[in-house]
Structure formats: structure tokens, C-alpha cells
Amino acid sequence: MLSHLLHLQGIDSVVLESKPREYIESRIRAGVLEHGTVQLMVQSGVGARLQREGLVHTGVELRFNGAAHRIDFADLTGKSITIYPQHEVVKDLVAARLARGGKIIFAAEAMSVHDFDKGATGSSPKIRFQHGGATEALECDFIAGCDGFHGICRPAMPAATLRVHEREYPFGWLGILAKVPPASEELIYCYHDRGFALLSMRSPEISRLYLQCAHDENLDGWSDDRIWTELRTRFATRDGWELRDGPILQKGVTPMRSFVAEPMRQGKLFLLGDAAHIVPPTGAKGLNLAVADVRVLTRALVDFYKRGSSNELDRYSDVCLRRVWKVQRFSWWMTSMLHRFPNEDSFSHNVHLAELDYVTGSRAASTALAENYVGLPFDEETKPD
Ligand code: PHB
């Protein structure tokens, strides 16, 4: 996305992708696009298939105590979200870059980054990477570290300046992809005394479902039958709602973590997305927050190349972190409200229920959830502090 937006502004880039093209175009990841992420795709000319195939949702359901409660995004915010799998976004962006002569080197494993922290007169930043059995080097003006939580860019920042804020959750998600039409048109976030469950989808034929489980849950103990039985138990309503089952195509355990590294910039090295921050998946924010970083860096680089100003580059980390912390708060709050924590007593259980009752019963509280879920606006970031 960054490479695409820079290209539209006449700025060249090279993408070093550690995996082969087929891998990134098929790996099942996130699936919920915020209103602003959709707008950015459409406005930048890569949204045609998203507009054709994406499923527009104008609300979500919160389910607890065996009853359904809808949060109506359209009514509360005038906005919607779109279900469009991350690997489809990746396909569209790869195709757009290649069609416009963009350079993506697939299966290029970055080994180290150098010379990004020198003064204006120092040598240019370099990335050493392995490709096709040879070691190569790429020299550039700036390095965008979009290399994920386990990438090399964050560890390359001087330890003395990097601060890390972290929260681990004492549970994970057991996720399945199933060949069955989703049992609901909209997502269902379900709180149950046996733990959280989520109904999502990838298309009108494919369901994506999750169950709260232990953070180190062993999948061997989970037959398809046991998974469907547990899902049915947690999603059960007092009015007899039915969950259809079907062949399970994929199973996995998703860890839950909140993580922020700051600052998100050192010299000419910038961190974006999971390289700088991880959110638990409960708010569906990971992909969208990465795209938000991309917006900020694009604007800063345009300011640098077109106007010769470093002001926006200097503000990059602060501007990003303001949004990052709001999204961290939302993801942490959704996670805390919807999951059972170990050793919770009846007091805690009733507090979860009261919070859900309040959130679904009060227009003010529903709006607070809705405006975060569809994505906070971006305008504030363009105003100076
Ligand atoms: C998903 O469809 O994978 C999904 C949806 C909503 C979430 C997390 C994951 O909050």
C-alpha cells in the first residue's frame, strides 16, 4: 500500500517481500476493513474488486445471556465496515504495483539494515538481503520497516531509545475456516460463561469462527465434532438460533497480545504496522492500523520530496502513536469485556454482563463502540498540535 501510494505521488520504491508471491496471496489473515481503509483503496484506484466482492456490513451483533443485541453502525456513525480478506487486498495491491512497473522482489529475506541513523551528510541507508542464494544490498533514502513483529527493523533500533509497552492475555483463539454459509449476515461477538466466541466470514460460502481457548491450546484435543458442539453451546440463544456446520478447511490457534514500541522512527528508519505494534484481534484492527501508519508516512515523504521539509517526518512517530494508543485501548477494552479471565468469580461475570447490557442499551455507549469499530477519523492528524 505504501509503495502504491508513493508511486501515485511520483516517488520510487522497492518492496522486499520475504515470502513468495503465491504464499502472501493465499495466506488466511484478517478480514475486516474499516470505512477509511476502504475509502483509501477506492480513492487510490485499487478498490474495484473490493467494491464488487466485499461484503458491506452496517452493524455487528453482541450476544450474551442467550440474546442478540445489534450495534447499528449506519445509524450511530453513518459508516460501515467491509468484509474483504487480507490476502485479497494483497493480491489487488501486488497486481496494481506490477501493472505500473513497480518493483517487488519476492522471496527476498532482509538480513540487516545499515546507516539509517547518520546525519544528513552521512552515507545512505542500506538493506542487506538474500535472494536466490545470493546476498545483495539495496541502497535507499529511507527504510520503511513493514516487516512484522518478528522482523529485523525493530531490533535494529538502538535499545537505549526504544521503549516497549506490553500486555499478554491468559487465553488464545481457536480459529476455524469452514465450508458453510455464515449462520448470520453480520459478525457476532459472543460472551458466554464458557468463554468468548466469534462468528465471522470470508465470503457468502465460507465461515470463519473462533472460540476462546488456552493460549497454548493443543489442537489434537479438538475434533471437528467437539469444535461444532462448543460453538453451538456458546452461540445458543433462548429463541433457538441455529448454527449450521460444515467441513472444516483449516484450524489454528491465534495468540493474544497488546504491544507498542516507541518511538516508531530512528533517523531514516520508520516502523509500520506489526513491526511497531500488535493488537489482540478482538477489535479487528491490526490491518487497519498498519494502513493508518502508511497514510502518515506517505504524507511525510511527499512533504519531504515535494517541499523539502522534514517536519512531517519528524512528527511521524508522535502522529502515529496517538492513533495507535486509541486503537490499543479499544482492542484491550473489547478483549476484556468479551473474554473470561482465569479465576473470575461471580462478581466479575456479572460485571461483564452489566457492561454488555450498558453498551448495548445506551446510545452513548453504543456510539463509542461503533465509532471505534468503523475506524476513528483521520482529520485530527493533519492539524498541527
Ligand atoms: C476475522 O474474520 O478473522 C475476524 C473478524 C473480526 C475480528 C477478528 C477476526 O474481531
# chains A, B, ... in the order shown; residues from 1 in each chain; ligands from 1
>>> closest_atom_pairs(of="chain A", to="ligand 1", cutoff="7 Å", atoms="only C-alpha atoms and all ligand atoms", output="tab-separated table")
residue	atom	partner	partner_atom_place_in_ligand_line	distance
A:Arg29	CA	ligand 1	3 (O)	6.6
A:Ala30	CA	ligand 1	3 (O)	4.8
A:Gly31	CA	ligand 1	2 (O)	4.6
A:Val32	CA	ligand 1	5 (C)	5.8
A:Ser200	CA	ligand 1	2 (O)	4.6
A:Met201	CA	ligand 1	2 (O)	5.5
A:Arg202	CA	ligand 1	2 (O)	6.7
A:Arg208	CA	ligand 1	2 (O)	5.8
A:Pro281	CA	ligand 1	8 (C)	4.7
A:Thr282	CA	ligand 1	10 (O)	3.9
A:Gly283	CA	ligand 1	10 (O)	4.5
A:Ala284	CA	ligand 1	10 (O)	3.9
>>> write_last_selection(atoms="all heavy atoms", output="tab-separated table (two decimals), in the first residue's frame")
chain	number	residue	atom	x	y	z
A	29	ARG	N	-5.57	-14.41	6.66
A	29	ARG	CA	-5.29	-13.48	7.76
A	29	ARG	C	-6.59	-12.76	8.13
A	29	ARG	O	-7.63	-13.37	8.18
A	29	ARG	CB	-4.19	-12.49	7.36
A	29	ARG	CG	-2.90	-13.15	6.92
A	29	ARG	CD	-2.20	-13.88	8.05
A	29	ARG	NE	-1.82	-13.02	9.14
A	29	ARG	CZ	-0.68	-12.35	9.24
A	29	ARG	NH1	0.21	-12.43	8.27
A	29	ARG	NH2	-0.41	-11.61	10.30
A	30	ALA	N	-6.48	-11.44	8.33
A	30	ALA	CA	-7.63	-10.66	8.78
A	30	ALA	C	-8.70	-10.55	7.69
A	30	ALA	O	-8.48	-10.96	6.55
A	30	ALA	CB	-7.16	-9.28	9.18
A	31	GLY	N	-9.84	-9.99	8.06
A	31	GLY	CA	-10.90	-9.89	7.07
A	31	GLY	C	-11.80	-8.67	7.16
A	31	GLY	O	-12.71	-8.52	6.35
A	32	VAL	N	-11.55	-7.78	8.13
A	32	VAL	CA	-12.46	-6.64	8.32
A	32	VAL	C	-11.75	-5.34	7.96
A	32	VAL	O	-10.72	-5.00	8.53
A	32	VAL	CB	-12.93	-6.56	9.80
A	32	VAL	CG1	-13.81	-5.33	10.01
A	32	VAL	CG2	-13.67	-7.83	10.21
A	200	SER	N	-17.54	-15.02	12.14
A	200	SER	CA	-17.19	-14.11	11.05
A	200	SER	C	-17.24	-14.88	9.75
A	200	SER	O	-17.74	-16.02	9.72
A	200	SER	CB	-15.80	-13.51	11.33
A	200	SER	OG	-15.42	-12.64	10.28
A	201	MET	N	-16.77	-14.28	8.68
A	201	MET	CA	-16.90	-14.93	7.38
A	201	MET	C	-15.84	-14.40	6.44
A	201	MET	O	-15.21	-13.37	6.68
A	201	MET	CB	-18.28	-14.66	6.81
A	201	MET	CG	-18.52	-13.18	6.58
A	201	MET	SD	-20.18	-12.64	6.92
A	201	MET	CE	-20.40	-12.95	8.64
A	202	ARG	N	-15.64	-15.12	5.35
A	202	ARG	CA	-14.75	-14.66	4.31
A	202	ARG	C	-15.52	-14.40	3.01
A	202	ARG	O	-15.08	-13.67	2.15
A	202	ARG	CB	-13.62	-15.67	4.06
A	202	ARG	CG	-12.57	-15.69	5.14
A	202	ARG	CD	-11.80	-14.37	5.18
A	202	ARG	NE	-10.88	-14.31	6.32
A	202	ARG	CZ	-11.22	-13.90	7.53
A	202	ARG	NH1	-12.45	-13.50	7.78
A	202	ARG	NH2	-10.34	-13.87	8.51
A	208	ARG	N	-15.86	-18.09	9.09
A	208	ARG	CA	-14.67	-18.05	9.93
A	208	ARG	C	-15.19	-17.95	11.35
A	208	ARG	O	-15.96	-17.03	11.67
A	208	ARG	CB	-13.84	-16.81	9.56
A	208	ARG	CG	-12.57	-16.66	10.36
A	208	ARG	CD	-11.41	-17.27	9.65
A	208	ARG	NE	-10.12	-16.94	10.23
A	208	ARG	CZ	-9.23	-17.87	10.60
A	208	ARG	NH1	-9.49	-19.15	10.48
A	208	ARG	NH2	-8.07	-17.50	11.08
A	281	PRO	N	-6.91	-9.52	18.44
A	281	PRO	CA	-7.78	-9.44	17.26
A	281	PRO	C	-9.22	-9.04	17.54
A	281	PRO	O	-10.00	-8.87	16.61
A	281	PRO	CB	-7.72	-10.86	16.69
A	281	PRO	CG	-7.36	-11.73	17.84
A	281	PRO	CD	-6.51	-10.90	18.75
A	282	THR	N	-9.59	-8.84	18.81
A	282	THR	CA	-10.99	-8.64	19.16
A	282	THR	C	-11.63	-7.41	18.50
A	282	THR	O	-12.83	-7.38	18.28
A	282	THR	CB	-11.15	-8.57	20.69
A	282	THR	OG1	-10.21	-9.46	21.28
A	282	THR	CG2	-12.54	-8.93	21.12
A	283	GLY	N	-10.84	-6.39	18.21
A	283	GLY	CA	-11.43	-5.21	17.56
A	283	GLY	C	-11.23	-5.20	16.06
A	283	GLY	O	-11.65	-4.26	15.40
A	284	ALA	N	-10.58	-6.23	15.51
A	284	ALA	CA	-10.30	-6.33	14.07
A	284	ALA	C	-9.51	-5.13	13.55
A	284	ALA	O	-9.82	-4.56	12.51
A	284	ALA	CB	-11.62	-6.50	13.29
>>> residues_around(residues="His69 in chain A", least_positions_apart="5", cutoff="12 Å", atoms="only C-alpha atoms", output="list in words")
Gly59, Val60, Glu61, Leu62, Arg63, Phe64, Glu186, Leu187, Ile188, Tyr189, Cys190, Tyr191, Thr237, Leu356, Asp357, Tyr358, Val359, Thr360, Gly361, Ser362 and Ser366 of chain A
>>> write_last_selection(atoms="N, CA and C atoms", output="compact mmCIF listing (two decimals), in the first residue's frame")
# COMPACT_ATOMS: atom_id res chain seq x y z
N GLY A 59 -23.50 -3.13 10.65
CA GLY A 59 -23.60 -3.34 12.09
C GLY A 59 -22.93 -4.63 12.51
N VAL A 60 -22.82 -4.84 13.82
CA VAL A 60 -22.40 -6.14 14.36
C VAL A 60 -23.36 -6.51 15.48
N GLU A 61 -23.32 -7.78 15.85
CA GLU A 61 -24.15 -8.24 16.96
C GLU A 61 -23.27 -8.53 18.17
N LEU A 62 -23.76 -8.14 19.34
CA LEU A 62 -23.16 -8.60 20.59
C LEU A 62 -24.16 -9.57 21.20
N ARG A 63 -23.69 -10.76 21.56
CA ARG A 63 -24.60 -11.78 22.07
C ARG A 63 -24.17 -12.17 23.48
N PHE A 64 -25.07 -12.14 24.40
CA PHE A 64 -24.78 -12.55 25.78
C PHE A 64 -26.09 -12.91 26.46
N GLU A 186 -24.23 -10.77 9.67
CA GLU A 186 -23.25 -9.88 10.30
C GLU A 186 -22.42 -10.64 11.33
N LEU A 187 -21.29 -10.03 11.72
CA LEU A 187 -20.42 -10.66 12.71
C LEU A 187 -21.14 -10.76 14.05
N ILE A 188 -20.87 -11.84 14.78
CA ILE A 188 -21.43 -11.99 16.13
C ILE A 188 -20.28 -12.15 17.12
N TYR A 189 -20.18 -11.19 18.05
CA TYR A 189 -19.24 -11.28 19.16
C TYR A 189 -20.04 -11.78 20.36
N CYS A 190 -19.65 -12.94 20.88
CA CYS A 190 -20.46 -13.61 21.89
C CYS A 190 -19.71 -13.78 23.20
N TYR A 191 -20.31 -13.31 24.28
CA TYR A 191 -19.77 -13.55 25.62
C TYR A 191 -20.58 -14.66 26.28
N THR A 237 -29.03 -19.31 21.68
CA THR A 237 -29.90 -18.24 22.18
C THR A 237 -31.16 -18.86 22.77
N LEU A 356 -21.90 -5.24 29.07
CA LEU A 356 -22.52 -5.53 27.77
C LEU A 356 -23.95 -4.98 27.71
N ASP A 357 -24.66 -5.08 28.81
CA ASP A 357 -26.02 -4.57 28.90
C ASP A 357 -26.01 -3.05 28.70
N TYR A 358 -25.02 -2.39 29.33
CA TYR A 358 -24.88 -0.94 29.21
C TYR A 358 -24.50 -0.54 27.78
N VAL A 359 -23.50 -1.24 27.23
CA VAL A 359 -23.01 -0.90 25.89
C VAL A 359 -24.11 -1.05 24.85
N THR A 360 -24.94 -2.09 25.00
CA THR A 360 -25.99 -2.32 24.01
C THR A 360 -27.25 -1.51 24.32
N GLY A 361 -27.37 -1.03 25.57
CA GLY A 361 -28.59 -0.34 25.96
C GLY A 361 -28.51 1.17 25.88
N SER A 362 -27.30 1.71 25.96
CA SER A 362 -27.14 3.16 25.95
C SER A 362 -26.67 3.62 24.57
N SER A 366 -23.10 2.71 22.91
CA SER A 366 -23.09 2.03 21.60
C SER A 366 -22.32 2.85 20.58
>>> residues_around(residues="Asp225 in chain A", least_positions_apart="4", cutoff="12 Å", atoms="only C-alpha atoms", output="VMD selection string")
chain A and resid 221 229 to 232 245 to 248
>>> write_last_selection(atoms="C-alpha atoms", output="tab-separated table (two decimals), in the first residue's frame")
chain	number	residue	atom	x	y	z
A	221	GLY	CA	-7.83	-32.46	21.59
A	229	THR	CA	-20.53	-28.65	19.77
A	230	GLU	CA	-18.64	-25.98	21.71
A	231	LEU	CA	-19.56	-23.29	19.17
A	232	ARG	CA	-23.22	-24.31	19.37
A	245	ASP	CA	-21.88	-26.81	10.49
A	246	GLY	CA	-19.81	-27.98	7.55
A	247	PRO	CA	-16.39	-29.27	6.57
A	248	ILE	CA	-13.55	-27.55	8.46
>>> residues_around(residues="Glu34 in chain A", least_positions_apart="2", cutoff="6 Å", atoms="only C-alpha atoms", output="list in words")
Gly36, Thr37, Ile81, Val374 and Gly375 of chain A
>>> residues_around(residues="His131 in chain A", least_positions_apart="4", cutoff="7 Å", atoms="only C-alpha atoms", output="PyMOL selection string")
chain A and resi 107-109+135
>>> closest_residue(among="A:Trp241, A:Met337, A:Arg167, A:Asp293", to="Val279 in chain A", atoms="only C-alpha atoms")
A:Arg167
>>> residues_around(residues="Ser26 in chain A", least_positions_apart="4", cutoff="9 Å", atoms="only C-alpha atoms", output="NGL selection string")
:A and (21-22 or 87-88 or 91)
>>> write_last_selection(atoms="N, CA and C atoms", output="mmCIF file, in the first residue's frame")
data_model
loop_
_atom_site.group_PDB
_atom_site.id
_atom_site.type_symbol
_atom_site.label_atom_id
_atom_site.label_comp_id
_atom_site.auth_asym_id
_atom_site.auth_seq_id
_atom_site.Cartn_x
_atom_site.Cartn_y
_atom_site.Cartn_z
ATOM 1 N N ARG A 21 5.341 -14.952 -3.901
ATOM 2 C CA ARG A 21 4.074 -14.289 -4.229
ATOM 3 C C ARG A 21 2.870 -15.180 -3.912
ATOM 4 N N GLU A 22 2.936 -16.469 -4.275
ATOM 5 C CA GLU A 22 1.777 -17.364 -4.053
ATOM 6 C C GLU A 22 1.443 -17.450 -2.565
ATOM 7 N N HIS A 87 -5.731 -11.318 2.200
ATOM 8 C CA HIS A 87 -4.939 -11.798 1.056
ATOM 9 C C HIS A 87 -5.526 -11.319 -0.272
ATOM 10 N N GLU A 88 -6.797 -10.934 -0.271
ATOM 11 C CA GLU A 88 -7.372 -10.333 -1.480
ATOM 12 C C GLU A 88 -6.858 -8.891 -1.632
ATOM 13 N N LYS A 91 -3.445 -9.276 -3.026
ATOM 14 C CA LYS A 91 -3.483 -9.584 -4.468
ATOM 15 C C LYS A 91 -3.699 -8.316 -5.288
#
>>> closest_atom_pairs(of="range 231-326 of chain A", to="range 5-14 of chain A", cutoff="12 Å", atoms="only C-alpha atoms", output="JSON lines")
{"residue": "A:Val291", "atom": "CA", "partner": "A:Leu5", "partner_atom": "CA", "distance": 10.9}
{"residue": "A:Val294", "atom": "CA", "partner": "A:Leu5", "partner_atom": "CA", "distance": 8.6}
{"residue": "A:Arg295", "atom": "CA", "partner": "A:Leu5", "partner_atom": "CA", "distance": 8.4}
{"residue": "A:Val296", "atom": "CA", "partner": "A:Leu5", "partner_atom": "CA", "distance": 11.1}
{"residue": "A:Leu297", "atom": "CA", "partner": "A:Leu6", "partner_atom": "CA", "distance": 9.5}
{"residue": "A:Thr298", "atom": "CA", "partner": "A:Leu6", "partner_atom": "CA", "distance": 6.3}
{"residue": "A:Arg299", "atom": "CA", "partner": "A:Leu6", "partner_atom": "CA", "distance": 9.0}
{"residue": "A:Ala300", "atom": "CA", "partner": "A:Leu6", "partner_atom": "CA", "distance": 10.6}
{"residue": "A:Leu301", "atom": "CA", "partner": "A:Leu6", "partner_atom": "CA", "distance": 8.1}
{"residue": "A:Val302", "atom": "CA", "partner": "A:Gln9", "partner_atom": "CA", "distance": 7.0}
{"residue": "A:Asp303", "atom": "CA", "partner": "A:Gln9", "partner_atom": "CA", "distance": 10.5}
{"residue": "A:Phe304", "atom": "CA", "partner": "A:Ile11", "partner_atom": "CA", "distance": 10.6}
{"residue": "A:Tyr305", "atom": "CA", "partner": "A:Ile11", "partner_atom": "CA", "distance": 8.0}
{"residue": "A:Lys306", "atom": "CA", "partner": "A:Gln9", "partner_atom": "CA", "distance": 9.2}
>>> select_by_dssp(residues="range 147-322 of chain A", states="strand (DSSP E or B)", output="NGL selection string")
:A and (163-168 or 172-178 or 188-190 or 197-201 or 207-213 or 248-254 or 257-262 or 265-266 or 269-271 or 277-278)
>>> closest_residue(among="A:Arg52, A:His57, A:His35, A:Arg27", to="Glu185 in chain A", atoms="only C-alpha atoms")
A:His57
>>> closest_residue(among="A:Ala365, A:Val327, A:Val94, A:Val56", to="Ile278 in chain A", atoms="only C-alpha atoms")
A:Val327
>>> select_by_dssp(residues="range 166-380 of chain A", states="alpha helix (DSSP H)", output="ChimeraX atom specification")
/A:224-235,286-307,311-338,346-361,363-373
>>> decode(residues="range 95-121 of chain A", atoms="N, CA, C and O atoms", output="compact mmCIF listing (two decimals), in the first residue's frame")
# COMPACT_ATOMS: atom_id res chain seq x y z
N ALA A 95 -0.93 -6.73 -7.84
CA ALA A 95 -1.28 -6.57 -9.25
C ALA A 95 -1.13 -5.11 -9.68
O ALA A 95 -0.60 -4.82 -10.76
N ALA A 96 -1.57 -4.19 -8.84
CA ALA A 96 -1.50 -2.76 -9.18
C ALA A 96 -0.05 -2.30 -9.31
O ALA A 96 0.31 -1.57 -10.23
N ARG A 97 0.79 -2.75 -8.39
CA ARG A 97 2.20 -2.33 -8.47
C ARG A 97 2.85 -2.89 -9.72
O ARG A 97 3.57 -2.20 -10.43
N LEU A 98 2.64 -4.18 -9.98
CA LEU A 98 3.31 -4.80 -11.12
C LEU A 98 2.80 -4.21 -12.44
O LEU A 98 3.58 -3.99 -13.36
N ALA A 99 1.50 -3.90 -12.49
CA ALA A 99 0.93 -3.32 -13.72
C ALA A 99 1.53 -1.95 -14.02
O ALA A 99 1.60 -1.53 -15.16
N ARG A 100 1.97 -1.24 -12.97
CA ARG A 100 2.53 0.11 -13.18
C ARG A 100 4.07 0.09 -13.14
O ARG A 100 4.69 1.11 -12.86
N GLY A 101 4.64 -1.09 -13.34
CA GLY A 101 6.11 -1.18 -13.40
C GLY A 101 6.77 -1.14 -12.04
O GLY A 101 7.98 -0.90 -11.93
N GLY A 102 6.03 -1.36 -10.96
CA GLY A 102 6.60 -1.34 -9.61
C GLY A 102 7.56 -2.50 -9.41
O GLY A 102 7.44 -3.54 -10.06
N LYS A 103 8.51 -2.30 -8.50
CA LYS A 103 9.50 -3.36 -8.27
C LYS A 103 9.21 -4.05 -6.93
O LYS A 103 9.32 -3.44 -5.87
N ILE A 104 8.81 -5.31 -7.03
CA ILE A 104 8.63 -6.13 -5.82
C ILE A 104 9.57 -7.32 -5.98
O ILE A 104 9.48 -8.04 -6.98
N ILE A 105 10.49 -7.49 -5.04
CA ILE A 105 11.37 -8.66 -5.11
C ILE A 105 10.80 -9.68 -4.12
O ILE A 105 10.84 -9.48 -2.90
N PHE A 106 10.21 -10.75 -4.65
CA PHE A 106 9.62 -11.79 -3.79
C PHE A 106 10.72 -12.73 -3.29
O PHE A 106 11.79 -12.83 -3.90
N ALA A 107 10.41 -13.42 -2.20
CA ALA A 107 11.37 -14.37 -1.61
C ALA A 107 12.71 -13.70 -1.36
O ALA A 107 13.77 -14.28 -1.59
N ALA A 108 12.66 -12.45 -0.90
CA ALA A 108 13.88 -11.69 -0.60
C ALA A 108 13.95 -11.50 0.91
O ALA A 108 13.18 -10.72 1.47
N GLU A 109 14.82 -12.19 1.54
CA GLU A 109 14.89 -12.19 3.00
C GLU A 109 15.84 -11.11 3.48
O GLU A 109 17.06 -11.20 3.27
N ALA A 110 15.29 -10.06 4.13
CA ALA A 110 16.15 -8.99 4.64
C ALA A 110 16.98 -9.54 5.80
O ALA A 110 16.45 -10.19 6.70
N MET A 111 18.29 -9.28 5.76
CA MET A 111 19.18 -9.80 6.80
C MET A 111 19.56 -8.70 7.81
O MET A 111 19.65 -8.95 9.00
N SER A 112 19.82 -7.49 7.30
CA SER A 112 20.24 -6.41 8.20
C SER A 112 19.99 -5.05 7.54
O SER A 112 19.94 -4.95 6.31
N VAL A 113 19.86 -4.02 8.39
CA VAL A 113 19.72 -2.64 7.89
C VAL A 113 20.88 -1.82 8.45
O VAL A 113 21.31 -2.03 9.58
N HIS A 114 21.40 -0.87 7.63
CA HIS A 114 22.61 -0.14 7.99
C HIS A 114 22.49 1.34 7.67
O HIS A 114 21.74 1.71 6.77
N ASP A 115 23.27 2.13 8.39
CA ASP A 115 23.47 3.56 8.03
C ASP A 115 22.20 4.39 7.97
O ASP A 115 22.12 5.33 7.19
N PHE A 116 21.20 4.02 8.75
CA PHE A 116 19.96 4.81 8.73
C PHE A 116 19.98 5.92 9.76
O PHE A 116 19.11 6.77 9.79
N ASP A 117 20.99 5.89 10.63
CA ASP A 117 20.98 6.81 11.75
C ASP A 117 22.06 7.88 11.63
O ASP A 117 22.42 8.53 12.60
N LYS A 118 22.60 8.06 10.40
CA LYS A 118 23.65 9.07 10.19
C LYS A 118 23.01 10.44 9.94
O LYS A 118 21.86 10.53 9.54
N GLY A 119 23.79 11.48 10.12
CA GLY A 119 23.33 12.84 9.84
C GLY A 119 23.07 13.02 8.35
O GLY A 119 23.32 12.12 7.56
N ALA A 120 22.62 14.21 7.99
CA ALA A 120 22.24 14.48 6.60
C ALA A 120 23.39 14.23 5.62
O ALA A 120 23.18 13.89 4.46
N THR A 121 24.61 14.40 6.06
CA THR A 121 25.75 14.23 5.15
C THR A 121 26.30 12.81 5.17
O THR A 121 27.21 12.49 4.41
